[in-house]
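Here's the structure we're looking at; comments come further down.
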2 protein chains.
Amino acid sequence: MAEGSDDIQALIALMARLPGLGPRSARRIVLSLIRKRGGQMHQLARLLDSVATGSRECLVCGNITDRDECAICTDPARANGEICVVEDVADLWALERGHAFRGRYHVLGGTLSALDEIGPDDLGIPALIDRIRREGVTEAILALNATVDGQTTAHYIADALADSGVTVTGLAQGVPIGGELDYLDDGTITAALRARRRL
Amino acid sequence: MAEGSDDIQALIALMARLPGLGPRSARRIVLSLIRKRGGQMHQLARLLDSVATGSRECLVCGNITDRDECAICTDPARANGEICVVEDVADLWALERGHAFRGRYHVLGGTLSALDEIGPDDLGIPALIDRIRREGVTEAILALNATVDGQTTAHYIADALADSGVTVTGLAQGVPIGGELDYLDDGTITAALRARRRL
């Protein structure tokens with residue numbers, strides 16, 4: 001038993017299964033925690049317990065929250081008629097960090113996929129259409145990933161909203177801020193050229 | 001508050017301070033833990049608490065253990081007269097994974113460093129010399145890192161053991177297994193050439 005004790009080995013094995021980590025980085029993290037003599041480890045354990053017990057999905061939008069409805073869904077200032085549809089909670093967090101969107105969200109939890117047999121009902125798309133009609137939404141921004149599955153899903157939702165009077169938009173495609181043309185793929189350059197704008 | 005709740009934000013901030021992680025990877029890990037619905041998070045919390053409470057340094061060698069003396073120091077089969085001196089517990093674990101060394105260890109916990117004002121007493125080198133004489137050690141393998149500080153420390157220990165009758169050795173330097181000459185630094189190639197051996 002090289003790594004100290006059974007518990008240390010179990011902790012390293014569990015950490016090594018987290019996304020982005022492996023046995024080497026897990027060992028490094030566990031050793032650094034042990035060196036810091038308890039305090040940080042107990043704090044980490046307390047927060048993990050608390051988050052595991054307290055976290056659930058917002059009943060309205062699917063964001064992760066510690067209440068029935070998340071802080072965005074209960075903020076009256078954010079009922080501005082705009083709803084932003086995202087694939088995943090991580091995408092919602094990324095948009096919130098940008099501070100550019102002041103409306104509400106809807107998390108699909110995935111994309112349509114014939115291969116994985118994920119249909120509109122699995123993603124709650126009928127419920128989303130209901131929600132959009134019920135809340136008097138004026139613009140639905142489909143902020144789905146620029147992948148084949150993401151764009152298929154966006155087209156499906158846009159079609160379902162075609163006769164609802166709601167403006168359906170998608171994120172602009174083009175050169176990322178700070179991007180160098182030489183390092184961009186051909187598809188992005190072509191899309192940026194087609195969508196060129198007057199300066 | 002983008003990231004769900006205060007606890008989730010605190011958990012991400014704490015995770016982001018672990019070695020090798022940053023805000024992005026910490027968010028990814030926390031989201032994946034939340035998605036797995038509690039089980040794994042409670043298990044991780046329990047192990048962190050248990051390791052934080054139970055881990056301490058072996059009184060003899062400095063390895064991390066859950067008892068007063070580690071499994072290696074209490075195993076009579078490993079009292080073979082060889083002692084391997086390493087800088088850090090991580091180095092001890094790395095050597096144990098190799099299964100090549102069957103003696104005992106001594107963890108210095110660092111290297112001599114004039115810049116950081118770390119002297120022989122800070123590393124317990126007098127105690128190490130005592131231990132080597134007391135335990136009837138025949139060979140001391142100084143498995144210190146091939147850095148300036150590591151090699152300075154090795155020379156200091158070798159000098160201190162010069163009149164003890166103990167054989168003092170160091171790890172061989174050369175081309176690593178699977179290494180390609182074209183990618184090696186000049187120092188390693190020179191060392192490997194100087195230490196060339198008959199085939």
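Labels for the structure tokens follow display order: chains A, B, ..., residues from 1 in each chain, ligands from 1.
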
Pick out the residues sitting within 12 Å of Ala94 in chain A, and hand them over as a ChimeraX atom specification; count only C-alpha atoms, and ignore anything fewer than 3 positions along from it in its own chain.
-> /A:86-91,97-101,143 /B:2-3,23-24,27-28

Output the selection as an mmCIF file, in the first residue's frame - N, CA, C and O atoms for each residue.
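Writing the result to part.cif gives the following:
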```cif
data_model
loop_
_atom_site.group_PDB
_atom_site.id
_atom_site.type_symbol
_atom_site.label_atom_id
_atom_site.label_comp_id
_atom_site.auth_asym_id
_atom_site.auth_seq_id
_atom_site.Cartn_x
_atom_site.Cartn_y
_atom_site.Cartn_z
ATOM 1 N N VAL A 86 -30.764 27.330 -23.854
ATOM 2 C CA VAL A 86 -29.412 26.773 -23.871
ATOM 3 C C VAL A 86 -29.458 25.260 -23.707
ATOM 4 O O VAL A 86 -30.456 24.715 -23.236
ATOM 5 N N GLU A 87 -28.376 24.595 -24.107
ATOM 6 C CA GLU A 87 -28.320 23.138 -23.996
ATOM 7 C C GLU A 87 -28.123 22.709 -22.553
ATOM 8 O O GLU A 87 -28.694 21.729 -22.099
ATOM 9 N N ASP A 88 -27.303 23.472 -21.828
ATOM 10 C CA ASP A 88 -26.754 22.946 -20.590
ATOM 11 C C ASP A 88 -26.623 24.056 -19.544
ATOM 12 O O ASP A 88 -26.478 25.229 -19.895
ATOM 13 N N VAL A 89 -26.634 23.673 -18.266
ATOM 14 C CA VAL A 89 -26.471 24.671 -17.197
ATOM 15 C C VAL A 89 -25.135 25.402 -17.344
ATOM 16 O O VAL A 89 -25.051 26.607 -17.066
ATOM 17 N N ALA A 90 -24.096 24.698 -17.802
ATOM 18 C CA ALA A 90 -22.786 25.344 -17.976
ATOM 19 C C ALA A 90 -22.885 26.491 -18.974
ATOM 20 O O ALA A 90 -22.218 27.526 -18.823
ATOM 21 N N ASP A 91 -23.736 26.332 -20.021
ATOM 22 C CA ASP A 91 -23.921 27.395 -21.015
ATOM 23 C C ASP A 91 -24.629 28.590 -20.383
ATOM 24 O O ASP A 91 -24.294 29.744 -20.651
ATOM 25 N N ARG A 97 -22.026 35.075 -16.974
ATOM 26 C CA ARG A 97 -20.735 35.718 -16.730
ATOM 27 C C ARG A 97 -20.502 36.868 -17.691
ATOM 28 O O ARG A 97 -19.777 37.813 -17.386
ATOM 29 N N GLY A 98 -21.130 36.801 -18.902
ATOM 30 C CA GLY A 98 -20.992 37.887 -19.861
ATOM 31 C C GLY A 98 -21.811 39.120 -19.510
ATOM 32 O O GLY A 98 -21.560 40.201 -20.014
ATOM 33 N N HIS A 99 -22.793 38.978 -18.626
ATOM 34 C CA HIS A 99 -23.647 40.091 -18.177
ATOM 35 C C HIS A 99 -24.353 40.803 -19.325
ATOM 36 O O HIS A 99 -24.747 41.946 -19.183
ATOM 37 N N ALA A 100 -24.483 40.140 -20.486
ATOM 38 C CA ALA A 100 -25.068 40.842 -21.632
ATOM 39 C C ALA A 100 -26.562 40.560 -21.768
ATOM 40 O O ALA A 100 -27.295 41.353 -22.351
ATOM 41 N N PHE A 101 -27.024 39.453 -21.222
ATOM 42 C CA PHE A 101 -28.417 39.058 -21.387
ATOM 43 C C PHE A 101 -29.177 39.318 -20.089
ATOM 44 O O PHE A 101 -28.736 38.903 -19.014
ATOM 45 N N ALA A 143 -29.602 29.927 -28.082
ATOM 46 C CA ALA A 143 -28.141 29.979 -27.900
ATOM 47 C C ALA A 143 -27.598 28.562 -27.780
ATOM 48 O O ALA A 143 -27.000 28.192 -26.767
ATOM 49 N N ALA B 2 -24.694 33.936 -10.668
ATOM 50 C CA ALA B 2 -24.865 33.053 -11.823
ATOM 51 C C ALA B 2 -24.833 31.586 -11.413
ATOM 52 O O ALA B 2 -25.659 30.797 -11.857
ATOM 53 N N GLU B 3 -23.899 31.212 -10.560
ATOM 54 C CA GLU B 3 -23.660 29.791 -10.320
ATOM 55 C C GLU B 3 -24.547 29.199 -9.234
ATOM 56 O O GLU B 3 -24.061 28.664 -8.236
ATOM 57 N N PRO B 23 -10.679 28.176 -12.383
ATOM 58 C CA PRO B 23 -12.129 28.387 -12.321
ATOM 59 C C PRO B 23 -12.895 27.512 -13.320
ATOM 60 O O PRO B 23 -13.921 26.936 -12.980
ATOM 61 N N ARG B 24 -12.363 27.386 -14.547
ATOM 62 C CA ARG B 24 -13.099 26.640 -15.570
ATOM 63 C C ARG B 24 -13.189 25.151 -15.230
ATOM 64 O O ARG B 24 -14.268 24.552 -15.263
ATOM 65 N N ARG B 27 -15.479 24.586 -12.203
ATOM 66 C CA ARG B 27 -16.905 24.637 -12.568
ATOM 67 C C ARG B 27 -17.337 23.341 -13.213
ATOM 68 O O ARG B 27 -18.418 22.801 -12.916
ATOM 69 N N ARG B 28 -16.477 22.820 -14.098
ATOM 70 C CA ARG B 28 -16.814 21.593 -14.815
ATOM 71 C C ARG B 28 -16.963 20.428 -13.832
ATOM 72 O O ARG B 28 -17.896 19.624 -13.929
#
```

Give one line per residue of chain B that approaches chain A to at most 6 Å, naming the two atoms of the closest pair and their distance in Å to one decimal, counting only C-alpha atoms; sort by chain then ascending residue number and deliver it as JSON lines.
```
{"residue": "B:Ala2", "atom": "CA", "partner": "A:Trp93", "partner_atom": "CA", "distance": 5.6}
{"residue": "B:Gly4", "atom": "CA", "partner": "A:Thr65", "partner_atom": "CA", "distance": 4.4}
{"residue": "B:Ser5", "atom": "CA", "partner": "A:Thr65", "partner_atom": "CA", "distance": 5.8}
{"residue": "B:Leu11", "atom": "CA", "partner": "A:Leu47", "partner_atom": "CA", "distance": 5.9}
{"residue": "B:Pro19", "atom": "CA", "partner": "A:Ile29", "partner_atom": "CA", "distance": 5.8}
{"residue": "B:Ile29", "atom": "CA", "partner": "A:Pro19", "partner_atom": "CA", "distance": 5.9}
{"residue": "B:Gly38", "atom": "CA", "partner": "A:Ala52", "partner_atom": "CA", "distance": 4.5}
{"residue": "B:Met41", "atom": "CA", "partner": "A:Leu48", "partner_atom": "CA", "distance": 5.7}
{"residue": "B:His42", "atom": "CA", "partner": "A:Asp49", "partner_atom": "CA", "distance": 5.5}
{"residue": "B:Ala45", "atom": "CA", "partner": "A:Ala45", "partner_atom": "CA", "distance": 4.0}
{"residue": "B:Leu47", "atom": "CA", "partner": "A:Leu11", "partner_atom": "CA", "distance": 5.9}
{"residue": "B:Leu48", "atom": "CA", "partner": "A:Met41", "partner_atom": "CA", "distance": 5.8}
{"residue": "B:Asp49", "atom": "CA", "partner": "A:His42", "partner_atom": "CA", "distance": 5.5}
{"residue": "B:Ala52", "atom": "CA", "partner": "A:Gly38", "partner_atom": "CA", "distance": 4.5}
{"residue": "B:Ile64", "atom": "CA", "partner": "A:Gly4", "partner_atom": "CA", "distance": 5.1}
{"residue": "B:Thr65", "atom": "CA", "partner": "A:Gly4", "partner_atom": "CA", "distance": 4.4}
{"residue": "B:Trp93", "atom": "CA", "partner": "A:Ala2", "partner_atom": "CA", "distance": 5.5}
{"residue": "B:Glu96", "atom": "CA", "partner": "A:Ala2", "partner_atom": "CA", "distance": 5.7}
```

Emit the selected residues as a tab-separated table (two decimals), in the first residue's frame, including C-alpha atoms.
```tsv
chain	number	residue	atom	x	y	z
B	2	ALA	CA	-24.87	33.05	-11.82
B	4	GLY	CA	-26.78	28.50	-8.62
B	5	SER	CA	-26.21	29.24	-4.92
B	11	LEU	CA	-17.30	25.14	-3.65
B	19	PRO	CA	-3.16	22.55	-7.71
B	29	ILE	CA	-16.09	19.26	-11.89
B	38	GLY	CA	-25.50	13.48	-4.46
B	41	MET	CA	-20.49	14.05	-3.57
B	42	HIS	CA	-21.41	12.63	-0.15
B	45	ALA	CA	-17.11	14.52	1.47
B	47	LEU	CA	-13.47	10.49	2.45
B	48	LEU	CA	-12.14	14.07	2.68
B	49	ASP	CA	-13.28	14.28	6.32
B	52	ALA	CA	-8.29	15.10	7.03
B	64	ILE	CA	1.83	9.90	5.21
B	65	THR	CA	-0.10	7.28	7.16
B	93	TRP	CA	4.80	7.06	-3.71
B	96	GLU	CA	6.69	2.45	-4.47
```

Hey, what does DSSP flag as alpha helix (DSSP H) within chain A? Can you give it to me as a tab-separated table (two decimals) with N, CA and C atoms, in the first residue's frame?
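out.tsv, freshly written:
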```
chain	number	residue	atom	x	y	z
A	6	ASP	N	-5.93	3.22	3.24
A	6	ASP	CA	-7.02	2.84	2.34
A	6	ASP	C	-7.86	4.05	1.96
A	7	ASP	N	-8.12	4.93	2.95
A	7	ASP	CA	-8.95	6.10	2.68
A	7	ASP	C	-8.27	7.03	1.68
A	8	ILE	N	-6.95	7.21	1.83
A	8	ILE	CA	-6.24	8.09	0.89
A	8	ILE	C	-6.32	7.49	-0.51
A	9	GLN	N	-6.13	6.17	-0.61
A	9	GLN	CA	-6.22	5.54	-1.93
A	9	GLN	C	-7.61	5.67	-2.53
A	10	ALA	N	-8.66	5.48	-1.68
A	10	ALA	CA	-10.03	5.61	-2.17
A	10	ALA	C	-10.31	7.04	-2.61
A	11	LEU	N	-9.79	8.02	-1.85
A	11	LEU	CA	-9.99	9.43	-2.20
A	11	LEU	C	-9.33	9.75	-3.53
A	12	ILE	N	-8.09	9.24	-3.72
A	12	ILE	CA	-7.40	9.49	-4.99
A	12	ILE	C	-8.17	8.84	-6.14
A	13	ALA	N	-8.66	7.61	-5.93
A	13	ALA	CA	-9.38	6.90	-6.99
A	13	ALA	C	-10.65	7.65	-7.37
A	14	LEU	N	-11.35	8.19	-6.36
A	14	LEU	CA	-12.60	8.91	-6.63
A	14	LEU	C	-12.32	10.22	-7.35
A	15	MET	N	-11.28	10.94	-6.88
A	15	MET	CA	-10.90	12.21	-7.51
A	15	MET	C	-10.47	11.99	-8.95
A	16	ALA	N	-9.77	10.85	-9.19
A	16	ALA	CA	-9.24	10.60	-10.53
A	16	ALA	C	-10.36	10.39	-11.54
A	23	PRO	N	-5.19	9.91	-12.48
A	23	PRO	CA	-4.52	9.47	-11.26
A	23	PRO	C	-3.42	10.43	-10.79
A	24	ARG	N	-2.64	10.97	-11.76
A	24	ARG	CA	-1.52	11.83	-11.38
A	24	ARG	C	-2.00	13.15	-10.76
A	25	SER	N	-2.96	13.81	-11.42
A	25	SER	CA	-3.43	15.09	-10.88
A	25	SER	C	-4.23	14.86	-9.58
A	26	ALA	N	-4.95	13.73	-9.48
A	26	ALA	CA	-5.68	13.43	-8.25
A	26	ALA	C	-4.70	13.25	-7.08
A	27	ARG	N	-3.59	12.52	-7.32
A	27	ARG	CA	-2.59	12.34	-6.26
A	27	ARG	C	-2.03	13.68	-5.82
A	28	ARG	N	-1.76	14.55	-6.80
A	28	ARG	CA	-1.18	15.86	-6.51
A	28	ARG	C	-2.14	16.68	-5.64
A	29	ILE	N	-3.42	16.64	-5.99
A	29	ILE	CA	-4.42	17.41	-5.24
A	29	ILE	C	-4.55	16.87	-3.82
A	30	VAL	N	-4.64	15.53	-3.70
A	30	VAL	CA	-4.83	14.93	-2.37
A	30	VAL	C	-3.61	15.23	-1.48
A	31	LEU	N	-2.41	15.10	-2.04
A	31	LEU	CA	-1.20	15.40	-1.25
A	31	LEU	C	-1.20	16.86	-0.80
A	32	SER	N	-1.59	17.77	-1.70
A	32	SER	CA	-1.58	19.19	-1.32
A	32	SER	C	-2.63	19.45	-0.23
A	33	LEU	N	-3.77	18.77	-0.31
A	33	LEU	CA	-4.80	18.93	0.73
A	33	LEU	C	-4.28	18.40	2.07
A	34	ILE	N	-3.62	17.23	2.04
A	34	ILE	CA	-3.12	16.65	3.29
A	34	ILE	C	-2.07	17.57	3.91
A	35	ARG	N	-1.22	18.16	3.06
A	35	ARG	CA	-0.17	19.04	3.58
A	35	ARG	C	-0.75	20.27	4.25
A	39	GLY	N	-7.80	21.76	7.66
A	39	GLY	CA	-8.75	22.88	7.54
A	39	GLY	C	-9.47	22.92	6.20
A	40	GLN	N	-8.69	22.98	5.12
A	40	GLN	CA	-9.28	23.10	3.79
A	40	GLN	C	-10.08	21.85	3.42
A	41	MET	N	-9.60	20.69	3.88
A	41	MET	CA	-10.30	19.45	3.53
A	41	MET	C	-11.66	19.37	4.21
A	42	HIS	N	-11.71	19.75	5.51
A	42	HIS	CA	-12.99	19.73	6.20
A	42	HIS	C	-13.96	20.72	5.55
A	43	GLN	N	-13.42	21.90	5.15
A	43	GLN	CA	-14.27	22.91	4.51
A	43	GLN	C	-14.82	22.38	3.18
A	44	LEU	N	-13.95	21.72	2.41
A	44	LEU	CA	-14.36	21.15	1.13
A	44	LEU	C	-15.43	20.07	1.37
A	45	ALA	N	-15.24	19.24	2.38
A	45	ALA	CA	-16.20	18.18	2.70
A	45	ALA	C	-17.54	18.79	3.09
A	46	ARG	N	-17.51	19.87	3.88
A	46	ARG	CA	-18.74	20.50	4.33
A	46	ARG	C	-19.52	21.07	3.14
A	47	LEU	N	-18.80	21.75	2.22
A	47	LEU	CA	-19.46	22.34	1.06
A	47	LEU	C	-20.02	21.27	0.13
A	48	LEU	N	-19.26	20.17	-0.06
A	48	LEU	CA	-19.74	19.09	-0.92
A	48	LEU	C	-21.03	18.51	-0.37
A	49	ASP	N	-21.06	18.27	0.94
A	49	ASP	CA	-22.27	17.74	1.58
A	49	ASP	C	-23.44	18.69	1.38
A	50	SER	N	-23.15	19.98	1.63
A	50	SER	CA	-24.21	20.98	1.57
A	50	SER	C	-24.75	21.12	0.14
A	51	VAL	N	-23.85	21.14	-0.84
A	51	VAL	CA	-24.30	21.27	-2.24
A	51	VAL	C	-25.03	20.00	-2.67
A	52	ALA	N	-24.53	18.83	-2.25
A	52	ALA	CA	-25.18	17.57	-2.63
A	52	ALA	C	-26.59	17.52	-2.07
A	53	THR	N	-26.78	18.01	-0.86
A	53	THR	CA	-28.09	17.97	-0.23
A	53	THR	C	-29.00	19.06	-0.78
A	54	GLY	N	-28.44	20.26	-1.00
A	54	GLY	CA	-29.28	21.41	-1.29
A	54	GLY	C	-29.55	21.70	-2.75
A	89	VAL	N	-26.63	23.67	-18.27
A	89	VAL	CA	-26.47	24.67	-17.20
A	89	VAL	C	-25.13	25.40	-17.34
A	90	ALA	N	-24.10	24.70	-17.80
A	90	ALA	CA	-22.79	25.34	-17.98
A	90	ALA	C	-22.89	26.49	-18.97
A	91	ASP	N	-23.74	26.33	-20.02
A	91	ASP	CA	-23.92	27.39	-21.01
A	91	ASP	C	-24.63	28.59	-20.38
A	92	LEU	N	-25.63	28.32	-19.52
A	92	LEU	CA	-26.34	29.40	-18.81
A	92	LEU	C	-25.34	30.19	-17.96
A	93	TRP	N	-24.50	29.49	-17.22
A	93	TRP	CA	-23.50	30.16	-16.38
A	93	TRP	C	-22.56	31.01	-17.24
A	94	ALA	N	-22.15	30.46	-18.39
A	94	ALA	CA	-21.24	31.19	-19.27
A	94	ALA	C	-21.89	32.49	-19.76
A	95	LEU	N	-23.18	32.43	-20.13
A	95	LEU	CA	-23.88	33.63	-20.59
A	95	LEU	C	-24.02	34.63	-19.45
A	96	GLU	N	-24.32	34.15	-18.24
A	96	GLU	CA	-24.46	35.05	-17.09
A	96	GLU	C	-23.14	35.76	-16.78
A	97	ARG	N	-22.03	35.07	-16.97
A	97	ARG	CA	-20.73	35.72	-16.73
A	97	ARG	C	-20.50	36.87	-17.69
A	98	GLY	N	-21.13	36.80	-18.90
A	98	GLY	CA	-20.99	37.89	-19.86
A	98	GLY	C	-21.81	39.12	-19.51
A	125	ILE	N	-39.33	19.89	-25.05
A	125	ILE	CA	-39.57	20.99	-25.99
A	125	ILE	C	-41.05	21.40	-26.03
A	126	PRO	N	-42.02	20.45	-25.97
A	126	PRO	CA	-43.42	20.89	-25.88
A	126	PRO	C	-43.67	21.80	-24.68
A	127	ALA	N	-43.06	21.46	-23.51
A	127	ALA	CA	-43.22	22.30	-22.32
A	127	ALA	C	-42.59	23.68	-22.54
A	128	LEU	N	-41.47	23.73	-23.27
A	128	LEU	CA	-40.83	25.01	-23.58
A	128	LEU	C	-41.75	25.88	-24.44
A	129	ILE	N	-42.36	25.28	-25.46
A	129	ILE	CA	-43.26	26.02	-26.34
A	129	ILE	C	-44.43	26.57	-25.52
A	130	ASP	N	-45.00	25.73	-24.64
A	130	ASP	CA	-46.06	26.16	-23.72
A	130	ASP	C	-45.60	27.36	-22.91
A	131	ARG	N	-44.39	27.23	-22.32
A	131	ARG	CA	-43.88	28.28	-21.44
A	131	ARG	C	-43.74	29.59	-22.21
A	132	ILE	N	-43.22	29.51	-23.44
A	132	ILE	CA	-43.00	30.72	-24.24
A	132	ILE	C	-44.33	31.41	-24.52
A	133	ARG	N	-45.38	30.62	-24.84
A	133	ARG	CA	-46.70	31.22	-25.09
A	133	ARG	C	-47.27	31.81	-23.81
A	134	ARG	N	-47.14	31.07	-22.70
A	134	ARG	CA	-47.77	31.45	-21.44
A	134	ARG	C	-47.15	32.71	-20.86
A	148	VAL	N	-23.69	20.15	-35.21
A	148	VAL	CA	-24.80	19.65	-36.04
A	148	VAL	C	-26.03	19.41	-35.16
A	149	ASP	N	-25.86	18.70	-34.03
A	149	ASP	CA	-27.00	18.42	-33.15
A	149	ASP	C	-27.60	19.70	-32.60
A	150	GLY	N	-26.75	20.65	-32.20
A	150	GLY	CA	-27.25	21.91	-31.65
A	150	GLY	C	-28.08	22.67	-32.68
A	151	GLN	N	-27.58	22.73	-33.92
A	151	GLN	CA	-28.29	23.48	-34.95
A	151	GLN	C	-29.56	22.77	-35.41
A	152	THR	N	-29.55	21.42	-35.41
A	152	THR	CA	-30.77	20.66	-35.71
A	152	THR	C	-31.85	21.00	-34.69
A	153	THR	N	-31.46	21.02	-33.42
A	153	THR	CA	-32.39	21.33	-32.35
A	153	THR	C	-32.94	22.75	-32.50
A	154	ALA	N	-32.04	23.69	-32.84
A	154	ALA	CA	-32.48	25.08	-33.03
A	154	ALA	C	-33.51	25.17	-34.14
A	155	HIS	N	-33.26	24.47	-35.26
A	155	HIS	CA	-34.22	24.50	-36.38
A	155	HIS	C	-35.56	23.92	-35.96
A	156	TYR	N	-35.52	22.82	-35.19
A	156	TYR	CA	-36.76	22.19	-34.75
A	156	TYR	C	-37.58	23.15	-33.90
A	157	ILE	N	-36.91	23.84	-32.95
A	157	ILE	CA	-37.62	24.77	-32.07
A	157	ILE	C	-38.14	25.97	-32.88
A	158	ALA	N	-37.32	26.47	-33.80
A	158	ALA	CA	-37.75	27.60	-34.63
A	158	ALA	C	-39.00	27.23	-35.43
A	159	ASP	N	-39.03	26.01	-35.98
A	159	ASP	CA	-40.20	25.55	-36.73
A	159	ASP	C	-41.44	25.50	-35.84
A	160	ALA	N	-41.25	24.97	-34.61
A	160	ALA	CA	-42.38	24.82	-33.69
A	160	ALA	C	-42.94	26.17	-33.27
A	186	ASP	N	-11.89	26.92	-41.80
A	186	ASP	CA	-12.47	27.49	-43.01
A	186	ASP	C	-13.95	27.83	-42.83
A	187	GLY	N	-14.68	26.98	-42.12
A	187	GLY	CA	-16.12	27.20	-41.93
A	187	GLY	C	-16.39	28.52	-41.24
A	188	THR	N	-15.61	28.82	-40.19
A	188	THR	CA	-15.81	30.06	-39.45
A	188	THR	C	-15.50	31.27	-40.32
A	189	ILE	N	-14.40	31.20	-41.09
A	189	ILE	CA	-14.03	32.32	-41.96
A	189	ILE	C	-15.12	32.56	-43.00
A	190	THR	N	-15.63	31.46	-43.60
A	190	THR	CA	-16.69	31.59	-44.60
A	190	THR	C	-17.95	32.23	-43.97
A	191	ALA	N	-18.31	31.75	-42.76
A	191	ALA	CA	-19.51	32.29	-42.10
A	191	ALA	C	-19.31	33.78	-41.77
A	192	ALA	N	-18.11	34.14	-41.34
A	192	ALA	CA	-17.83	35.53	-40.97
A	192	ALA	C	-17.86	36.44	-42.21
A	193	LEU	N	-17.40	35.89	-43.32
A	193	LEU	CA	-17.38	36.66	-44.58
A	193	LEU	C	-18.81	36.88	-45.08
A	194	ARG	N	-19.61	35.82	-45.06
A	194	ARG	CA	-21.01	35.91	-45.53
A	194	ARG	C	-21.79	36.92	-44.69
```

If you run DSSP on the backbone, which residues of range 46-89 of chain A are strand (DSSP E), as a list of chain:residue names?
->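 Here are the strand (DSSP E) residues of range 46-89 of chain A: A:Arg56, A:Glu57, A:Ile64, A:Thr65, A:Glu82, A:Ile83, A:Cys84, A:Val85, A:Val86.
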
Grab the CA of Ser164 in chain A to CA of Ser113 in chain A distance for me, in Å with one decimal place.
-> 24.9 Å

Skip Ala79 in chain B itself and residues of its chain fewer than 4 positions away, then list as a PDB file with C-alpha atoms, in the first residue's frame all residues within 8 Å of it, counting only C-alpha atoms.
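That gives us selection-v2.pdb:
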```pdb
ATOM      1  CA  ASP B  75       7.107  -4.242   7.883  1.00  0.00           C
ATOM      2  CA  GLY B 103      14.065  -1.192   1.798  1.00  0.00           C
ATOM      3  CA  ARG B 104      12.833   1.727   3.881  1.00  0.00           C
TER       4      ARG B 104
END
```
